[in-house]
Amino acid sequence: MSNMPVRLAEIEFSDLFLSSEPGEPGLALNLRLPGVAPAPGKRPRAPAPLPDILAPDAARLFRTVEDGWAQERFAPEFTVHHDGVDYRCSRIVAPSASDRTIAASAPDGEVRHWCLRRLERRSMDLADLGLPRWAGTELRRIGAASGLVLVAGSFGSGKSTTAAACFLEWIRAHGGIGVTLEDPPERVLDGEHDGGRVYQVPIRGEGFGPAIKASRRWAYRYLYLGEVRDGRAASELLQISLGGPTVITTIHASSTVEALMALSKFAAQIDGVQTANDQIAASVLGVVWQQLHEGRLRMEYLSFRGRNGEAMRTKIAESRFRLLREDQDYQAKLRTLGRIEDSF
């Protein structure tokens, strides 16, 4: 263990759990230490305590998080930079207790727990994400259309990276104005990109729904919404998707079809089931589902731009989502057979 790194930036992990509780060790998920083999029979998602040699750097990171929390006016989620690594910070606390007024007046002795997601500085080029070549080609050219693209997956599946890469690819290829609405922003996208310009807007407290509505007058060509989390956001997002821009967002789901069902369920809270489904049917261009396993990307893609597109949209309008699995399987089979263009 003499060659054990002393900096968190030098080891591999996906998430850290840090606490102000004296003596409580930092915990890491998916921890890989150089020269140390995983314990036999250890569960993949079981947390592992950080080695003592990393405790000083973990303490420095904790102070960075606490300072960032104060700078962000005690927001429940935000991003910090420490020793060359970005972390998305989420306070582990009941929502009612995370109110900023309460948080700001909390006693100094209050115990606080944080979950920190390590944000890898992965390439923002579609060609470097490990996608099948056909998928990169289709996702690149879909930016010339108008409508909605969903990127689905579980926590830590890389869906935000894929969505951001698509968004930037469209800006570079087609130009125009792009806007991102994120809570919190995970990567720096703001600025000029070849023939276009990106405005990155952090969303705090008020939620995505009002922010999407406010953005309607901003004359953008592309919109990237960090995540669909509630009915108001889903409703506003669908209305924007029908109005001309190309919109991309992420959503938690276990498959392409489940992603569409989740979006419908959210939007129906505001618009009712039929209106929600009609809007999804009219706007959806494609759905990506992906999963990361030991660093390797597995993905599925459901296209609504091919010869069966209208029939597939009818299934959505009629709430027959599960029948879309047949279309998913059919498209996947065509790609396996090398009939790539027939699958779109």
# chains A, B, ... in the order shown; residues from 1 in each chain; ligands from 1

call {"tool": "select_by_dssp", "arguments": {"residues": "region 47-179 of chain A", "states": "strand (DSSP E or B)", "output": "ChimeraX atom specification"}}
result
/A:48-49,77-82,85-91,113-119,147-153,176-179

call {"tool": "residues_around", "arguments": {"residues": "Phe13 (chain A)", "least_positions_apart": "6", "cutoff": "7 Å", "atoms": "only C-alpha atoms", "output": "ChimeraX atom specification"}}
result
/A:28-32

call {"tool": "write_last_selection", "arguments": {"atoms": "C-alpha atoms", "output": "CSV table (one decimal), in the first residue's frame"}}
result
chain,number,residue,atom,x,y,z
A,28,ALA,CA,-17.2,5.4,-2.1
A,29,LEU,CA,-19.2,3.5,-4.7
A,30,ASN,CA,-17.4,1.5,-7.4
A,31,LEU,CA,-14.1,2.2,-5.8
A,32,ARG,CA,-11.0,0.9,-7.6

call {"tool": "closest_residue", "arguments": {"among": "A:Lys265, A:Leu27, A:Val257, A:Ala152", "to": "Ala46 (chain A)", "atoms": "only C-alpha atoms"}}
result
A:Leu27

call {"tool": "residues_around", "arguments": {"residues": "region 289-293 of chain A", "least_positions_apart": "3", "cutoff": "7 Å", "atoms": "only C-alpha atoms", "output": "MDAnalysis selection string"}}
result
chainID A and resid 151:153 157 159 255:256 296:301

call {"tool": "write_last_selection", "arguments": {"atoms": "C-alpha atoms", "output": "PDB file, in the first residue's frame"}}
result
ATOM      1  CA  VAL A 151     -32.178   9.961 -23.711  1.00  0.00           C
ATOM      2  CA  ALA A 152     -33.122   7.427 -21.039  1.00  0.00           C
ATOM      3  CA  GLY A 153     -31.272   5.278 -18.544  1.00  0.00           C
ATOM      4  CA  SER A 157     -25.645   5.545 -17.108  1.00  0.00           C
ATOM      5  CA  LYS A 159     -27.278   9.780 -20.401  1.00  0.00           C
ATOM      6  CA  SER A 255     -36.065   0.991 -21.715  1.00  0.00           C
ATOM      7  CA  THR A 256     -37.036   3.158 -24.673  1.00  0.00           C
ATOM      8  CA  ARG A 296     -18.822  -0.299 -21.591  1.00  0.00           C
ATOM      9  CA  LEU A 297     -21.871   1.295 -23.160  1.00  0.00           C
ATOM     10  CA  ARG A 298     -24.911  -0.699 -24.186  1.00  0.00           C
ATOM     11  CA  MET A 299     -27.670   1.131 -26.024  1.00  0.00           C
ATOM     12  CA  GLU A 300     -30.999   0.758 -27.803  1.00  0.00           C
ATOM     13  CA  TYR A 301     -32.582   3.257 -30.153  1.00  0.00           C
TER      14      TYR A 301
END

call {"tool": "closest_residue", "arguments": {"among": "A:Met4, A:Leu18, A:Val188, A:Val65", "to": "Pro49 (chain A)", "atoms": "only C-alpha atoms"}}
result
A:Leu18

call {"tool": "residues_around", "arguments": {"residues": "region 250-253 of chain A", "least_positions_apart": "5", "cutoff": "10 Å", "atoms": "only C-alpha atoms", "output": "number ranges by chain"}}
result
A: 149-155, 157, 159-164, 224-229, 258-263, 287-290

call {"tool": "write_last_selection", "arguments": {"atoms": "C-alpha atoms", "output": "mmCIF file, in the first residue's frame"}}
result
data_model
loop_
_atom_site.group_PDB
_atom_site.id
_atom_site.type_symbol
_atom_site.label_atom_id
_atom_site.label_comp_id
_atom_site.auth_asym_id
_atom_site.auth_seq_id
_atom_site.Cartn_x
_atom_site.Cartn_y
_atom_site.Cartn_z
ATOM 1 C CA VAL A 149 -35.298 13.339 -28.586
ATOM 2 C CA LEU A 150 -35.314 11.441 -25.284
ATOM 3 C CA VAL A 151 -32.178 9.961 -23.711
ATOM 4 C CA ALA A 152 -33.122 7.427 -21.039
ATOM 5 C CA GLY A 153 -31.272 5.278 -18.544
ATOM 6 C CA SER A 154 -30.667 4.694 -14.880
ATOM 7 C CA PHE A 155 -28.552 6.732 -12.470
ATOM 8 C CA SER A 157 -25.645 5.545 -17.108
ATOM 9 C CA LYS A 159 -27.278 9.780 -20.401
ATOM 10 C CA SER A 160 -26.434 13.422 -19.616
ATOM 11 C CA THR A 161 -23.119 13.051 -21.464
ATOM 12 C CA THR A 162 -24.859 11.584 -24.515
ATOM 13 C CA ALA A 163 -27.545 14.280 -24.504
ATOM 14 C CA ALA A 164 -24.988 17.086 -24.174
ATOM 15 C CA TYR A 224 -31.264 20.893 -23.875
ATOM 16 C CA LEU A 225 -33.239 20.247 -20.697
ATOM 17 C CA GLY A 226 -31.228 18.534 -17.970
ATOM 18 C CA GLU A 227 -33.975 16.145 -16.880
ATOM 19 C CA VAL A 228 -37.754 15.699 -16.913
ATOM 20 C CA ARG A 229 -38.762 15.473 -13.252
ATOM 21 C CA GLU A 258 -40.675 2.889 -20.530
ATOM 22 C CA ALA A 259 -39.182 6.327 -21.236
ATOM 23 C CA LEU A 260 -42.178 7.271 -23.385
ATOM 24 C CA MET A 261 -44.576 5.929 -20.767
ATOM 25 C CA ALA A 262 -42.826 7.931 -18.038
ATOM 26 C CA LEU A 263 -43.039 11.125 -20.105
ATOM 27 C CA VAL A 287 -35.596 7.578 -27.992
ATOM 28 C CA VAL A 288 -32.164 6.471 -26.801
ATOM 29 C CA TRP A 289 -31.816 4.054 -23.886
ATOM 30 C CA GLN A 290 -28.370 3.295 -22.547
#

call {"tool": "residues_around", "arguments": {"residues": "Arg221 (chain A)", "least_positions_apart": "3", "cutoff": "9 Å", "atoms": "only C-alpha atoms", "output": "compact mmCIF listing (two decimals) with N, CA and C atoms, in the first residue's frame"}}
result
# COMPACT_ATOMS: atom_id res chain seq x y z
N SER A 146 -37.08 18.85 -36.54
CA SER A 146 -37.67 19.53 -35.39
C SER A 146 -38.48 18.52 -34.59
N ILE A 171 -25.30 21.92 -32.83
CA ILE A 171 -24.86 23.32 -32.93
C ILE A 171 -23.71 23.43 -33.93
N GLY A 175 -25.39 25.06 -36.85
CA GLY A 175 -25.35 26.44 -36.40
C GLY A 175 -26.59 26.82 -35.60
N GLY A 176 -26.71 28.10 -35.28
CA GLY A 176 -27.87 28.58 -34.55
C GLY A 176 -27.60 28.76 -33.07
N ILE A 177 -28.66 29.14 -32.39
CA ILE A 177 -28.59 29.39 -30.95
C ILE A 177 -29.07 28.16 -30.19
N GLY A 178 -28.33 27.79 -29.17
CA GLY A 178 -28.74 26.70 -28.30
C GLY A 178 -28.84 27.18 -26.86
N VAL A 179 -29.82 26.66 -26.13
CA VAL A 179 -30.03 27.01 -24.73
C VAL A 179 -30.07 25.73 -23.92
N GLY A 244 -41.15 24.06 -33.17
CA GLY A 244 -40.09 24.34 -34.14
C GLY A 244 -38.68 23.95 -33.72
N PRO A 245 -38.25 24.13 -32.46
CA PRO A 245 -36.88 23.76 -32.09
C PRO A 245 -36.68 22.24 -32.06
N THR A 246 -35.43 21.85 -32.04
CA THR A 246 -35.08 20.47 -31.73
C THR A 246 -34.75 20.43 -30.25
N VAL A 247 -35.43 19.57 -29.52
CA VAL A 247 -35.32 19.52 -28.06
C VAL A 247 -34.77 18.17 -27.65

call {"tool": "residues_around", "arguments": {"residues": "Thr137 (chain A)", "least_positions_apart": "4", "cutoff": "12 Å", "atoms": "only C-alpha atoms", "output": "PyMOL selection string"}}
result
chain A and resi 126-127+131-133+141-143+166+169-170+340-341+344

call {"tool": "write_last_selection", "arguments": {"atoms": "N, CA and C atoms", "output": "PDB file, in the first residue's frame"}}
result
ATOM      1  N   LEU A 126     -19.664  12.947 -30.207  1.00  0.00           N
ATOM      2  CA  LEU A 126     -20.425  11.701 -30.322  1.00  0.00           C
ATOM      3  C   LEU A 126     -19.541  10.530 -30.731  1.00  0.00           C
ATOM      4  N   ALA A 127     -18.537  10.814 -31.548  1.00  0.00           N
ATOM      5  CA  ALA A 127     -17.689   9.736 -32.055  1.00  0.00           C
ATOM      6  C   ALA A 127     -16.858   9.086 -30.959  1.00  0.00           C
ATOM      7  N   LEU A 131     -20.638   4.826 -28.896  1.00  0.00           N
ATOM      8  CA  LEU A 131     -21.894   4.483 -29.559  1.00  0.00           C
ATOM      9  C   LEU A 131     -21.611   3.686 -30.830  1.00  0.00           C
ATOM     10  N   PRO A 132     -22.525   2.806 -31.239  1.00  0.00           N
ATOM     11  CA  PRO A 132     -22.380   2.174 -32.553  1.00  0.00           C
ATOM     12  C   PRO A 132     -22.322   3.251 -33.639  1.00  0.00           C
ATOM     13  N   ARG A 133     -21.608   2.977 -34.693  1.00  0.00           N
ATOM     14  CA  ARG A 133     -21.434   3.989 -35.744  1.00  0.00           C
ATOM     15  C   ARG A 133     -22.767   4.452 -36.305  1.00  0.00           C
ATOM     16  N   ARG A 141     -27.530  13.511 -37.602  1.00  0.00           N
ATOM     17  CA  ARG A 141     -28.360  14.095 -38.654  1.00  0.00           C
ATOM     18  C   ARG A 141     -29.767  14.443 -38.181  1.00  0.00           C
ATOM     19  N   ILE A 142     -30.197  13.872 -37.068  1.00  0.00           N
ATOM     20  CA  ILE A 142     -31.533  14.154 -36.571  1.00  0.00           C
ATOM     21  C   ILE A 142     -31.662  15.613 -36.124  1.00  0.00           C
ATOM     22  N   GLY A 143     -30.508  16.268 -35.903  1.00  0.00           N
ATOM     23  CA  GLY A 143     -30.525  17.669 -35.510  1.00  0.00           C
ATOM     24  C   GLY A 143     -31.069  18.599 -36.575  1.00  0.00           C
ATOM     25  N   CYS A 166     -24.921  15.227 -28.163  1.00  0.00           N
ATOM     26  CA  CYS A 166     -25.850  15.427 -29.284  1.00  0.00           C
ATOM     27  C   CYS A 166     -26.138  16.910 -29.493  1.00  0.00           C
ATOM     28  N   GLU A 169     -23.226  18.653 -30.977  1.00  0.00           N
ATOM     29  CA  GLU A 169     -23.029  18.205 -32.354  1.00  0.00           C
ATOM     30  C   GLU A 169     -23.977  18.932 -33.301  1.00  0.00           C
ATOM     31  N   TRP A 170     -25.223  19.118 -32.861  1.00  0.00           N
ATOM     32  CA  TRP A 170     -26.195  19.830 -33.686  1.00  0.00           C
ATOM     33  C   TRP A 170     -25.782  21.285 -33.899  1.00  0.00           C
ATOM     34  N   ILE A 340     -29.182  -1.035 -41.984  1.00  0.00           N
ATOM     35  CA  ILE A 340     -29.213   0.107 -41.083  1.00  0.00           C
ATOM     36  C   ILE A 340     -30.235   1.153 -41.526  1.00  0.00           C
ATOM     37  N   GLU A 341     -30.170   1.549 -42.784  1.00  0.00           N
ATOM     38  CA  GLU A 341     -31.055   2.636 -43.240  1.00  0.00           C
ATOM     39  C   GLU A 341     -32.523   2.231 -43.174  1.00  0.00           C
ATOM     40  N   PHE A 344     -34.537   3.157 -39.768  1.00  0.00           N
ATOM     41  CA  PHE A 344     -34.875   4.528 -39.363  1.00  0.00           C
ATOM     42  C   PHE A 344     -36.124   5.019 -40.094  1.00  0.00           C
TER      43      PHE A 344
END

call {"tool": "select_by_dssp", "arguments": {"residues": "region 261-327 of chain A", "states": "helix (DSSP H, G or I)", "output": "short mmCIF file (atom, residue, chain, number, x, y, z; two decimals) with C-alpha atoms, in the first residue's frame"}}
result
data_model
loop_
_atom_site.label_atom_id
_atom_site.label_comp_id
_atom_site.auth_asym_id
_atom_site.auth_seq_id
_atom_site.Cartn_x
_atom_site.Cartn_y
_atom_site.Cartn_z
CA MET A 261 -44.58 5.93 -20.77
CA ALA A 262 -42.83 7.93 -18.04
CA LEU A 263 -43.04 11.12 -20.11
CA SER A 264 -46.73 10.51 -20.75
CA LYS A 265 -47.39 9.94 -17.07
CA PHE A 266 -45.68 13.21 -16.14
CA ALA A 267 -47.40 15.31 -18.82
CA ALA A 268 -50.83 13.78 -18.10
CA GLN A 269 -50.68 15.31 -14.61
CA ILE A 270 -51.12 18.72 -16.26
CA ASP A 271 -52.74 18.09 -19.64
CA VAL A 273 -53.76 11.50 -20.80
CA GLN A 274 -55.09 12.07 -24.31
CA THR A 275 -53.52 15.49 -24.82
CA ALA A 276 -50.22 14.28 -23.40
CA ASN A 277 -50.12 11.26 -25.70
CA ASP A 278 -51.16 13.30 -28.74
CA GLN A 279 -48.34 15.75 -28.12
CA ILE A 280 -45.76 13.00 -27.64
CA ALA A 281 -46.96 11.29 -30.83
CA ALA A 282 -46.68 14.53 -32.79
CA SER A 283 -43.25 15.57 -31.51
CA GLY A 309 -43.27 6.00 -38.07
CA GLU A 310 -46.91 6.96 -38.49
CA ALA A 311 -48.18 3.61 -37.24
CA MET A 312 -45.89 3.92 -34.22
CA ARG A 313 -47.19 7.42 -33.47
CA THR A 314 -50.72 6.08 -33.62
CA LYS A 315 -49.84 3.52 -30.94
CA ILE A 316 -48.73 6.37 -28.67
CA ALA A 317 -51.87 8.42 -29.36
CA PHE A 321 -47.16 1.95 -25.69
CA ARG A 322 -46.23 -1.65 -25.00
CA LEU A 323 -46.83 -2.55 -28.64
CA LEU A 324 -43.85 -0.35 -29.48
CA ARG A 325 -41.62 -3.12 -28.14
CA GLU A 326 -42.37 -5.02 -31.33
CA ASP A 327 -41.09 -2.03 -33.32
#

call {"tool": "atom_distance", "arguments": {"atom1": "CA of Ile248 (chain A)", "atom2": "CA of Arg117 (chain A)"}}
result
22.2 Å

call {"tool": "decode", "arguments": {"residues": "region 79-220 of chain A", "atoms": "C-alpha atoms", "output": "compact mmCIF listing (two decimals), in the first residue's frame"}}
result
# COMPACT_ATOMS: atom_id res chain seq x y z
CA THR A 79 -21.52 21.57 -8.71
CA VAL A 80 -18.04 22.14 -7.30
CA HIS A 81 -14.52 21.79 -8.70
CA HIS A 82 -11.79 20.20 -6.59
CA ASP A 83 -8.29 19.21 -7.66
CA GLY A 84 -9.17 19.02 -11.35
CA VAL A 85 -12.39 17.06 -10.86
CA ASP A 86 -16.00 18.26 -10.99
CA TYR A 87 -18.54 16.91 -8.52
CA ARG A 88 -22.32 17.23 -8.49
CA CYS A 89 -23.25 17.72 -4.85
CA SER A 90 -26.59 16.67 -3.36
CA ARG A 91 -27.41 17.14 0.29
CA ILE A 92 -28.93 14.04 1.90
CA VAL A 93 -31.92 15.55 3.64
CA ALA A 94 -35.71 15.46 3.41
CA PRO A 95 -37.00 18.00 0.84
CA SER A 96 -38.89 20.05 3.43
CA ALA A 97 -35.70 20.40 5.42
CA SER A 98 -33.65 21.56 2.43
CA ASP A 99 -35.46 24.88 2.17
CA ARG A 100 -32.79 27.55 1.84
CA THR A 101 -34.14 29.73 4.62
CA ILE A 102 -34.05 26.81 7.04
CA ALA A 103 -30.64 25.69 5.76
CA ALA A 104 -29.15 29.16 6.07
CA SER A 105 -30.21 29.44 9.69
CA ALA A 106 -29.21 25.91 10.69
CA PRO A 107 -26.96 25.71 13.76
CA ASP A 108 -23.24 25.29 13.15
CA GLY A 109 -23.30 21.98 15.02
CA GLU A 110 -25.83 20.41 12.65
CA VAL A 111 -24.63 17.16 11.07
CA ARG A 112 -24.72 17.31 7.27
CA HIS A 113 -24.35 14.43 4.83
CA TRP A 114 -23.46 14.83 1.16
CA CYS A 115 -23.62 12.57 -1.88
CA LEU A 116 -21.06 13.61 -4.51
CA ARG A 117 -21.30 12.28 -8.06
CA ARG A 118 -17.97 12.40 -9.85
CA LEU A 119 -18.44 14.05 -13.25
CA GLU A 120 -15.98 12.55 -15.64
CA ARG A 121 -14.45 14.91 -18.17
CA ARG A 122 -15.50 12.74 -21.06
CA SER A 123 -15.35 13.91 -24.63
CA MET A 124 -18.28 15.92 -25.91
CA ASP A 125 -17.88 14.35 -29.35
CA LEU A 126 -20.42 11.70 -30.32
CA ALA A 127 -17.69 9.74 -32.06
CA ASP A 128 -15.86 9.24 -28.75
CA LEU A 129 -18.74 7.98 -26.58
CA GLY A 130 -18.62 4.35 -27.61
CA LEU A 131 -21.89 4.48 -29.56
CA PRO A 132 -22.38 2.17 -32.55
CA ARG A 133 -21.43 3.99 -35.74
CA TRP A 134 -25.00 3.89 -37.05
CA ALA A 135 -26.28 5.48 -33.85
CA GLY A 136 -23.79 8.35 -34.03
CA THR A 137 -24.72 8.98 -37.67
CA GLU A 138 -28.47 9.04 -36.96
CA LEU A 139 -28.19 11.17 -33.82
CA ARG A 140 -26.00 13.63 -35.71
CA ARG A 141 -28.36 14.10 -38.65
CA ILE A 142 -31.53 14.15 -36.57
CA GLY A 143 -30.53 17.67 -35.51
CA ALA A 144 -31.75 18.96 -38.87
CA ALA A 145 -35.32 17.97 -37.92
CA SER A 146 -37.67 19.53 -35.39
CA GLY A 147 -39.12 17.69 -32.45
CA LEU A 148 -38.13 15.77 -29.32
CA VAL A 149 -35.30 13.34 -28.59
CA LEU A 150 -35.31 11.44 -25.28
CA VAL A 151 -32.18 9.96 -23.71
CA ALA A 152 -33.12 7.43 -21.04
CA GLY A 153 -31.27 5.28 -18.54
CA SER A 154 -30.67 4.69 -14.88
CA PHE A 155 -28.55 6.73 -12.47
CA GLY A 156 -24.94 6.94 -13.63
CA SER A 157 -25.64 5.54 -17.11
CA GLY A 158 -24.04 8.47 -18.93
CA LYS A 159 -27.28 9.78 -20.40
CA SER A 160 -26.43 13.42 -19.62
CA THR A 161 -23.12 13.05 -21.46
CA THR A 162 -24.86 11.58 -24.52
CA ALA A 163 -27.54 14.28 -24.50
CA ALA A 164 -24.99 17.09 -24.17
CA ALA A 165 -22.84 15.59 -26.94
CA CYS A 166 -25.85 15.43 -29.28
CA PHE A 167 -26.78 19.00 -28.45
CA LEU A 168 -23.27 20.31 -29.19
CA GLU A 169 -23.03 18.21 -32.35
CA TRP A 170 -26.20 19.83 -33.69
CA ILE A 171 -24.86 23.32 -32.93
CA ARG A 172 -21.58 22.57 -34.71
CA ALA A 173 -23.23 20.92 -37.72
CA HIS A 174 -26.18 23.23 -38.27
CA GLY A 175 -25.35 26.44 -36.40
CA GLY A 176 -27.87 28.58 -34.55
CA ILE A 177 -28.59 29.39 -30.95
CA GLY A 178 -28.74 26.70 -28.30
CA VAL A 179 -30.03 27.01 -24.73
CA THR A 180 -29.49 24.60 -21.85
CA LEU A 181 -31.64 24.50 -18.72
CA GLU A 182 -29.95 22.43 -15.99
CA ASP A 183 -30.17 21.93 -12.23
CA PRO A 184 -27.28 22.13 -11.70
CA PRO A 185 -25.12 22.45 -14.85
CA GLU A 186 -22.76 19.48 -14.99
CA ARG A 187 -20.37 20.57 -17.74
CA VAL A 188 -19.36 23.89 -19.22
CA LEU A 189 -21.24 24.19 -22.51
CA ASP A 190 -21.68 27.96 -22.56
CA GLY A 191 -19.97 29.90 -25.34
CA GLU A 192 -19.39 29.86 -29.09
CA HIS A 193 -19.21 26.54 -30.92
CA ASP A 194 -18.23 26.83 -34.59
CA GLY A 195 -21.32 28.32 -36.28
CA GLY A 196 -23.45 28.62 -33.15
CA ARG A 197 -23.73 29.98 -29.64
CA VAL A 198 -24.82 28.20 -26.44
CA TYR A 199 -26.37 29.96 -23.46
CA GLN A 200 -26.19 27.78 -20.35
CA VAL A 201 -28.88 28.67 -17.80
CA PRO A 202 -28.75 27.20 -14.28
CA ILE A 203 -32.18 26.55 -12.77
CA ARG A 204 -32.57 27.17 -9.07
CA GLY A 205 -35.60 26.43 -6.93
CA GLU A 206 -38.39 27.45 -9.27
CA GLY A 207 -38.13 24.23 -11.29
CA PHE A 208 -37.90 23.47 -15.00
CA GLY A 209 -41.52 24.18 -15.93
CA PRO A 210 -41.46 27.96 -15.40
CA ALA A 211 -37.96 28.14 -16.93
CA ILE A 212 -39.07 26.37 -20.11
CA LYS A 213 -42.06 28.67 -20.40
CA ALA A 214 -39.88 31.74 -19.91
CA SER A 215 -37.48 30.53 -22.62
CA ARG A 216 -40.09 30.63 -25.38
CA ARG A 217 -39.10 34.16 -26.42
CA TRP A 218 -35.38 33.40 -26.68
CA ALA A 219 -35.42 32.43 -30.40
CA TYR A 220 -33.21 29.35 -30.01
